[in-house]
file data34.txt (compact mmCIF, C-alpha atoms)
# COMPACT_ATOMS: atom_id res chain seq x y z
CA MET R 1 -53.47 -109.83 94.14
CA LYS R 2 -53.33 -106.27 92.80
CA HIS R 3 -50.67 -103.96 94.15
CA LEU R 4 -52.28 -101.64 96.72
CA PRO R 5 -51.47 -97.94 96.39
CA ASN R 6 -49.15 -96.64 99.11
CA LEU R 7 -51.57 -94.16 100.68
CA ASP R 8 -51.27 -92.07 103.79
CA LEU R 9 -54.17 -93.02 106.07
CA ASN R 10 -54.80 -89.32 106.67
CA LEU R 11 -55.61 -88.92 102.96
CA LEU R 12 -58.27 -91.62 103.26
CA LYS R 13 -59.70 -89.86 106.31
CA LEU R 14 -59.88 -86.66 104.27
CA PHE R 15 -61.62 -88.55 101.47
CA ALA R 16 -64.23 -89.96 103.88
CA VAL R 17 -64.95 -86.62 105.57
CA LEU R 18 -65.12 -84.71 102.28
CA TYR R 19 -67.37 -87.38 100.75
CA GLN R 20 -69.76 -87.07 103.68
CA ASN R 21 -69.97 -83.27 103.99
CA GLY R 22 -69.11 -82.04 100.45
CA SER R 23 -67.14 -79.03 101.72
CA VAL R 24 -63.40 -78.37 101.87
CA THR R 25 -63.97 -75.73 104.56
CA LEU R 26 -66.02 -78.02 106.81
CA SER R 27 -63.60 -80.89 106.22
CA ALA R 28 -60.65 -78.71 107.25
CA GLU R 29 -62.45 -77.74 110.48
CA GLN R 30 -63.42 -81.32 111.25
CA LEU R 31 -59.87 -82.59 110.67
CA ASN R 32 -58.31 -79.63 112.51
CA LEU R 33 -56.41 -78.54 109.39
CA SER R 34 -56.02 -75.20 107.65
CA GLN R 35 -58.06 -74.86 104.45
CA SER R 36 -54.80 -74.63 102.49
CA ALA R 37 -53.45 -77.88 104.02
CA CYS R 38 -56.77 -79.58 103.26
CA SER R 39 -56.64 -78.46 99.61
CA HIS R 40 -53.03 -79.64 99.26
CA ALA R 41 -53.96 -83.03 100.75
CA LEU R 42 -56.83 -83.36 98.27
CA THR R 43 -54.43 -82.61 95.43
CA ARG R 44 -52.08 -85.39 96.60
CA LEU R 45 -54.99 -87.81 96.87
CA ARG R 46 -56.14 -87.00 93.35
CA GLU R 47 -52.62 -87.59 92.02
CA ARG R 48 -52.25 -90.90 93.86
CA LEU R 49 -55.59 -92.25 92.66
CA GLY R 50 -55.54 -90.75 89.19
CA ASP R 51 -59.03 -89.23 89.42
CA GLU R 52 -60.50 -85.83 90.21
CA LEU R 53 -62.66 -87.49 92.89
CA PHE R 54 -64.65 -84.29 93.65
CA VAL R 55 -65.83 -81.52 91.35
CA ARG R 56 -67.06 -78.12 92.53
CA VAL R 57 -70.67 -77.34 91.58
CA ASN R 58 -72.49 -74.41 93.24
CA ASN R 59 -69.95 -74.29 96.07
CA ARG R 60 -70.41 -78.02 96.77
CA MET R 61 -67.80 -80.71 96.19
CA LEU R 62 -69.64 -83.48 94.35
CA ALA R 63 -68.18 -86.97 94.19
CA THR R 64 -67.23 -88.45 90.83
CA ALA R 65 -68.36 -91.94 89.81
CA HIS R 66 -64.92 -93.27 90.85
CA ALA R 67 -65.27 -91.60 94.27
CA HIS R 68 -68.67 -93.23 94.77
CA ARG R 69 -67.16 -96.64 94.02
CA LEU R 70 -64.27 -95.98 96.43
CA ALA R 71 -66.65 -94.83 99.15
CA LYS R 72 -68.41 -98.21 99.19
CA THR R 73 -65.25 -99.86 100.51
CA VAL R 74 -63.22 -97.04 102.06
CA LEU R 75 -65.92 -95.73 104.44
CA PRO R 76 -66.81 -99.11 106.02
CA ALA R 77 -63.10 -100.01 106.23
CA LEU R 78 -62.28 -96.79 108.10
CA GLN R 79 -65.23 -97.36 110.41
CA MET R 80 -63.98 -100.84 111.25
CA LEU R 81 -60.45 -99.53 111.79
CA GLU R 82 -61.62 -96.77 114.13
CA GLY R 83 -63.76 -99.26 116.05
CA GLY R 84 -60.82 -101.62 116.44
CA LEU R 85 -58.55 -98.86 117.72
CA GLN R 86 -61.02 -97.56 120.28
CA GLU R 87 -60.91 -98.65 123.89
CA ALA R 88 -62.99 -101.75 124.48
CA SER R 89 -66.46 -100.99 125.82
CA PRO R 90 -67.08 -101.79 129.50
CA PHE R 91 -68.29 -105.30 130.30
CA ASP R 92 -72.03 -105.41 130.99
CA ALA R 93 -72.74 -108.47 133.13
CA ASN R 94 -76.47 -108.00 132.62
CA GLU R 95 -76.06 -108.90 128.95
CA PRO R 96 -75.79 -112.61 127.99
CA HIS R 97 -72.19 -113.83 128.36
CA THR R 98 -70.47 -117.19 128.58
CA LEU R 99 -67.36 -117.57 130.71
CA THR R 100 -65.41 -120.78 130.10
CA ILE R 101 -63.15 -121.97 132.91
CA ALA R 102 -60.98 -125.08 132.82
CA VAL R 103 -60.98 -126.88 136.18
CA THR R 104 -60.21 -130.13 137.94
CA ASP R 105 -62.93 -131.60 140.12
CA TYR R 106 -61.16 -130.16 143.17
CA THR R 107 -60.65 -126.63 141.84
CA ALA R 108 -64.30 -126.58 140.70
CA TRP R 109 -65.28 -127.58 144.25
CA CYS R 110 -63.17 -124.73 145.63
CA LEU R 111 -64.82 -122.25 143.23
CA ARG R 112 -68.36 -123.27 144.07
CA PRO R 113 -69.18 -120.53 146.70
CA PHE R 114 -68.00 -117.78 144.36
CA VAL R 115 -69.78 -119.22 141.33
CA ALA R 116 -73.04 -119.62 143.29
CA HIS R 117 -72.70 -115.99 144.42
CA LEU R 118 -72.05 -114.78 140.86
CA VAL R 119 -74.94 -116.58 139.14
CA SER R 120 -77.34 -115.43 141.88
CA LEU R 121 -76.54 -111.83 140.96
CA PHE R 122 -76.24 -112.06 137.16
CA GLU R 123 -78.93 -114.23 135.61
CA ASN R 124 -77.63 -113.82 132.05
CA LEU R 125 -74.17 -115.09 132.95
CA ASP R 126 -73.40 -118.62 131.79
CA ILE R 127 -70.37 -120.11 133.57
CA ARG R 128 -69.10 -123.18 131.78
CA PHE R 129 -66.69 -125.51 133.56
CA VAL R 130 -64.66 -127.77 131.27
CA GLN R 131 -62.24 -130.51 132.25
CA LEU R 132 -58.67 -129.28 132.60
CA GLU R 133 -56.76 -131.81 130.49
CA GLU R 134 -53.29 -130.44 131.19
CA ARG R 135 -51.89 -128.52 134.11
CA ILE R 136 -52.00 -125.16 132.33
CA ALA R 137 -53.85 -125.10 128.98
CA GLU R 138 -51.72 -122.30 127.56
CA GLN R 139 -52.66 -122.81 123.90
CA ALA R 140 -56.40 -122.89 124.65
CA LEU R 141 -56.06 -119.65 126.65
CA LYS R 142 -54.19 -118.07 123.74
CA GLU R 143 -56.86 -119.15 121.24
CA GLU R 144 -59.61 -117.94 123.63
CA SER R 145 -61.42 -121.27 123.65
CA LEU R 146 -60.81 -120.90 127.40
CA ASP R 147 -61.18 -117.68 129.34
CA LEU R 148 -59.47 -118.86 132.52
CA VAL R 149 -57.80 -121.87 134.07
CA CYS R 150 -58.28 -122.67 137.75
CA GLY R 151 -55.36 -124.93 138.65
CA PHE R 152 -52.76 -125.45 141.31
CA ALA R 153 -48.99 -125.31 141.66
CA HIS R 154 -46.37 -126.31 144.22
CA GLN R 155 -43.93 -123.49 143.59
CA GLN R 156 -43.75 -119.95 142.32
CA GLU R 157 -43.96 -119.87 138.55
CA PHE R 158 -43.18 -117.39 135.82
CA SER R 159 -44.60 -117.48 132.32
CA GLU R 160 -44.07 -114.86 129.64
CA SER R 161 -47.48 -115.60 128.13
CA LEU R 162 -49.67 -116.03 131.23
CA THR R 163 -50.94 -113.82 134.02
CA GLN R 164 -51.73 -115.55 137.29
CA LEU R 165 -53.54 -114.78 140.51
CA SER R 166 -52.63 -116.83 143.59
CA TRP R 167 -55.84 -117.50 145.46
CA PHE R 168 -54.92 -119.46 148.56
CA GLU R 169 -52.24 -121.79 149.94
CA ASP R 170 -53.00 -125.04 151.68
CA ALA R 171 -51.16 -128.09 153.05
CA TYR R 172 -51.59 -131.80 152.42
CA VAL R 173 -52.71 -134.33 154.99
CA THR R 174 -52.36 -138.10 155.05
CA VAL R 175 -55.70 -139.85 155.55
CA ARG R 176 -56.75 -143.40 156.49
CA CYS R 177 -59.97 -145.03 157.59
CA GLN R 178 -60.66 -145.45 161.32
CA SER R 179 -60.56 -149.26 160.95
CA HIS R 180 -57.08 -149.10 159.42
CA PRO R 181 -54.66 -151.74 160.82
CA CYS R 182 -52.26 -149.03 161.99
CA LYS R 183 -53.70 -147.46 165.13
CA LYS R 184 -50.76 -145.22 166.00
CA GLN R 185 -49.38 -142.09 164.38
CA ILE R 186 -47.97 -143.10 160.99
CA ASP R 187 -44.20 -142.66 160.71
CA LEU R 188 -42.17 -142.81 157.52
CA SER R 189 -41.47 -146.55 157.64
CA THR R 190 -45.17 -147.31 158.22
CA PHE R 191 -46.12 -144.84 155.47
CA ILE R 192 -43.97 -146.75 152.97
CA ALA R 193 -45.20 -150.16 154.14
CA TYR R 194 -48.88 -149.61 153.24
CA PRO R 195 -50.42 -149.24 149.73
CA HIS R 196 -51.45 -145.78 148.56
CA ILE R 197 -54.03 -143.97 146.46
CA LEU R 198 -52.46 -141.57 143.95
CA ILE R 199 -54.45 -138.55 142.75
CA ALA R 200 -53.28 -137.89 139.19
CA PRO R 201 -55.42 -135.22 137.46
CA TRP R 202 -53.44 -135.54 134.23
CA ASN R 203 -52.79 -139.30 134.34
CA GLU R 204 -49.27 -138.83 135.66
CA ARG R 205 -47.53 -141.83 137.20
CA ARG R 206 -46.01 -139.90 140.11
CA GLY R 207 -47.30 -137.18 142.34
CA ILE R 208 -45.84 -134.57 144.67
CA VAL R 209 -45.50 -137.21 147.43
CA ASP R 210 -43.47 -139.49 145.13
CA ARG R 211 -41.16 -136.61 144.28
CA ALA R 212 -40.73 -135.85 147.98
CA LEU R 213 -39.92 -139.52 148.65
CA ALA R 214 -37.46 -139.64 145.77
CA LYS R 215 -35.46 -136.82 147.40
CA ILE R 216 -34.78 -139.09 150.37
CA LYS R 217 -34.30 -142.14 148.10
CA LYS R 218 -37.57 -143.80 149.14
CA SER R 219 -40.64 -144.96 147.21
CA ARG R 220 -44.15 -146.21 147.92
CA THR R 221 -46.58 -148.71 146.39
CA ILE R 222 -49.49 -147.26 144.40
CA ALA R 223 -52.57 -149.47 144.62
CA VAL R 224 -55.15 -147.14 143.01
CA THR R 225 -54.74 -144.13 140.72
CA THR R 226 -57.60 -141.69 140.18
CA PRO R 227 -57.79 -138.24 138.55
CA HIS R 228 -60.46 -137.16 141.06
CA VAL R 229 -59.71 -135.57 144.41
CA LEU R 230 -63.38 -135.73 145.41
CA VAL R 231 -63.61 -139.48 144.77
CA ALA R 232 -60.28 -140.51 146.30
CA PRO R 233 -61.26 -140.46 150.02
CA THR R 234 -64.38 -142.54 149.34
CA LEU R 235 -62.04 -145.43 148.43
CA LEU R 236 -60.54 -145.56 151.92
CA PRO R 237 -63.26 -147.05 154.17
CA GLU R 238 -62.66 -150.72 155.03
CA SER R 239 -59.22 -150.67 153.35
CA ASP R 240 -55.61 -150.52 154.49
CA MET R 241 -54.72 -147.85 151.90
CA LEU R 242 -53.34 -144.41 152.68
CA LEU R 243 -54.16 -141.19 150.84
CA THR R 244 -52.31 -137.88 150.88
CA MET R 245 -54.69 -135.14 149.76
CA PRO R 246 -55.53 -131.41 150.16
CA ARG R 247 -56.34 -130.60 153.76
CA ARG R 248 -59.22 -128.26 152.82
CA TYR R 249 -61.28 -131.06 151.30
CA ALA R 250 -60.17 -133.72 153.80
CA LEU R 251 -61.58 -131.64 156.66
CA GLN R 252 -64.93 -131.52 154.89
CA VAL R 253 -65.33 -135.28 154.47
CA CYS R 254 -63.41 -136.87 157.35
CA ASP R 255 -66.37 -137.12 159.75
CA ARG R 256 -68.81 -138.42 157.17
CA LEU R 257 -66.36 -141.05 155.88
CA HIS R 258 -64.93 -141.83 159.36
CA LEU R 259 -61.36 -140.91 158.41
CA GLN R 260 -58.31 -140.09 160.50
CA LEU R 261 -56.06 -137.19 159.46
CA GLN R 262 -52.45 -136.42 160.22
CA PRO R 263 -49.60 -134.45 158.60
CA PRO R 264 -47.56 -136.52 156.13
CA PRO R 265 -44.55 -138.15 157.82
CA LEU R 266 -42.17 -136.36 155.44
CA PRO R 267 -41.92 -132.79 154.11
CA VAL R 268 -44.42 -132.27 151.26
CA PRO R 269 -44.62 -128.77 149.72
CA ASP R 270 -47.84 -126.83 150.22
CA TYR R 271 -49.86 -126.14 147.08
CA GLN R 272 -51.27 -122.86 145.79
CA LEU R 273 -54.61 -122.61 144.02
CA LYS R 274 -54.31 -120.17 141.10
CA LEU R 275 -56.26 -118.53 138.33
CA TYR R 276 -54.45 -118.21 134.99
CA TRP R 277 -55.34 -116.17 131.90
CA HIS R 278 -53.42 -115.16 128.78
CA ARG R 279 -51.44 -111.92 128.78
CA THR R 280 -52.93 -110.93 125.42
CA ARG R 281 -56.22 -110.53 127.31
CA LYS R 282 -54.78 -108.32 130.02
CA ARG R 283 -57.20 -105.51 129.13
CA ASP R 284 -60.11 -107.74 128.12
CA PRO R 285 -63.18 -106.24 129.88
CA LYS R 286 -64.74 -109.66 130.56
CA ILE R 287 -61.59 -111.03 132.22
CA GLY R 288 -61.07 -107.81 134.16
CA TRP R 289 -64.66 -107.86 135.41
CA PHE R 290 -64.41 -111.49 136.54
CA ILE R 291 -61.13 -110.96 138.42
CA THR R 292 -62.53 -107.85 140.15
CA GLN R 293 -65.65 -109.76 141.21
CA PHE R 294 -63.51 -112.67 142.36
CA CYS R 295 -61.17 -110.52 144.48
CA ASP R 296 -64.05 -108.52 145.99
CA PHE R 297 -65.91 -111.71 146.96
CA HIS R 298 -62.92 -113.32 148.65
CA GLU R 299 -61.91 -110.11 150.40
CA LEU R 300 -65.42 -109.91 151.86
CA GLU R 301 -65.29 -113.63 152.76
CA HIS R 302 -61.96 -113.06 154.52
CA ASP R 303 -63.32 -110.08 156.47
CA GLU R 304 -66.37 -112.07 157.58
CA ALA R 305 -64.15 -114.95 158.72
CA LYS R 306 -62.11 -112.53 160.88
CA LEU R 307 -65.32 -111.22 162.47
CA VAL R 308 -66.42 -114.76 163.35
CA LYS R 309 -63.08 -115.39 165.06

call {"tool": "encode", "arguments": {"input": "data34.txt", "output": "structure tokens"}}
result
Amino acid sequence: MKHLPNLDLNLLKLFAVLYQNGSVTLSAEQLNLSQSACSHALTRLRERLGDELFVRVNNRMLATAHAHRLAKTVLPALQMLEGGLQEASPFDANEPHTLTIAVTDYTAWCLRPFVAHLVSLFENLDIRFVQLEERIAEQALKEESLDLVCGFAHQQEFSESLTQLSWFEDAYVTVRCQSHPCKKQIDLSTFIAYPHILIAPWNERRGIVDRALAKIKKSRTIAVTTPHVLVAPTLLPESDMLLTMPRRYALQVCDRLHLQLQPPPLPVPDYQLKLYWHRTRKRDPKIGWFITQFCDFHELEHDEAKLVK
């Protein structure tokens, strides 16, 4: 690779402006320089590049053959540089866009009212849900193969590389079918005695309930493990299994599946549903637009819920 000349960027700007207008006077005005400063800068540029670059003919500065060759690369390069340094243009949702969001089956279910609202308003918007294969796909967010992650957490988190928006907080409930052998309220000893369904989105062997049991030196028997929250309660009818799952979804399916709900018989931390995106995209117009739409929708939803009450 050839050694690049150590040039002041301002000299290249002068070259581009002078090449385009052919006048030292006009170039000085355009660059907000005195004519003397502009002439001195041209002298330095000539010395650095070893060519006259422009010759005066009939009060016009005409480019030399070397200047013409330089202009073919310098002018497009400066244009690209200026474009890159400008503020990003506003996001136009009426133009075709794809928004890729990593989700679990449950977080996709929670997003469905907002997504339905969004696609009804913006017909050129393509929202692509992909399976969330790890709790927070940090690398994929960094590489921009994902725009956002919709996941959940059981405690406040801090990440130097991620920005997060807490959406809502919800509790867990313990669920069993109405024909379950235990007809009374399930206490801790009964809870441990029966087999359980474990929801493991990332194929983990223990869940939040197992960690809560471990704190009191107890354990349970896992009979079935599934990554799917939406499937898990359908495994309960006509079985003696127990399932601890998000209350929000349990309330939706308990009547249809003939399930009984109760609080878990031990303290289990609430979970928070969250949106995550990479901090390098803090000023990305697409991300900013989505988050604004998201917050506006849920603020309106919250206000409507208060009116109903």

call {"tool": "closest_residue", "arguments": {"input": "data34.txt", "among": "R:Val224, R:Leu259, R:Ile186, R:Leu11", "to": "R:Asn203", "atoms": "all atoms listed in the file"}}
result
R:Val224

call {"tool": "residues_around", "arguments": {"input": "data34.txt", "residues": "R:Ser161", "least_positions_apart": "5", "cutoff": "10 Å", "atoms": "all atoms listed in the file", "output": "mmCIF file with C-alpha atoms, in the frame of the given file"}}
result
data_model
loop_
_atom_site.group_PDB
_atom_site.id
_atom_site.type_symbol
_atom_site.label_atom_id
_atom_site.label_comp_id
_atom_site.auth_asym_id
_atom_site.auth_seq_id
_atom_site.Cartn_x
_atom_site.Cartn_y
_atom_site.Cartn_z
ATOM 1 C CA GLU R 138 -51.720 -122.300 127.560
ATOM 2 C CA GLN R 139 -52.660 -122.810 123.900
ATOM 3 C CA LEU R 141 -56.060 -119.650 126.650
ATOM 4 C CA LYS R 142 -54.190 -118.070 123.740
ATOM 5 C CA TRP R 277 -55.340 -116.170 131.900
ATOM 6 C CA HIS R 278 -53.420 -115.160 128.780
ATOM 7 C CA ARG R 279 -51.440 -111.920 128.780
ATOM 8 C CA THR R 280 -52.930 -110.930 125.420
#

call {"tool": "residues_around", "arguments": {"input": "data34.txt", "residues": "R:Leu18", "least_positions_apart": "3", "cutoff": "12 Å", "atoms": "all atoms listed in the file", "output": "PyMOL selection string"}}
result
chain R and resi 11-15+21-31+38-39+41-42+45+53-56+60-63+67-68+71+75

call {"tool": "atom_distance", "arguments": {"input": "data34.txt", "atom1": "atom CA of R:Ala212", "atom2": "atom CA of R:Pro267"}}
result
7.0 Å

call {"tool": "closest_residue", "arguments": {"input": "data34.txt", "among": "R:Ile208, R:Cys110, R:Ala140, R:Met245", "to": "R:Leu261", "atoms": "only C-alpha atoms"}}
result
R:Met245

call {"tool": "atom_distance", "arguments": {"input": "data34.txt", "atom1": "atom CA of R:Asp126", "atom2": "atom CA of R:Leu273"}}
result
22.8 Å

call {"tool": "atom_distance", "arguments": {"input": "data34.txt", "atom1": "atom CA of R:Glu133", "atom2": "atom CA of R:Val149"}}
result
10.6 Å

call {"tool": "residues_around", "arguments": {"input": "data34.txt", "residues": "R:Pro263", "least_positions_apart": "5", "cutoff": "8 Å", "atoms": "all atoms listed in the file", "output": "list in words"}}
result
Tyr172, Val173 and Thr174 of chain R
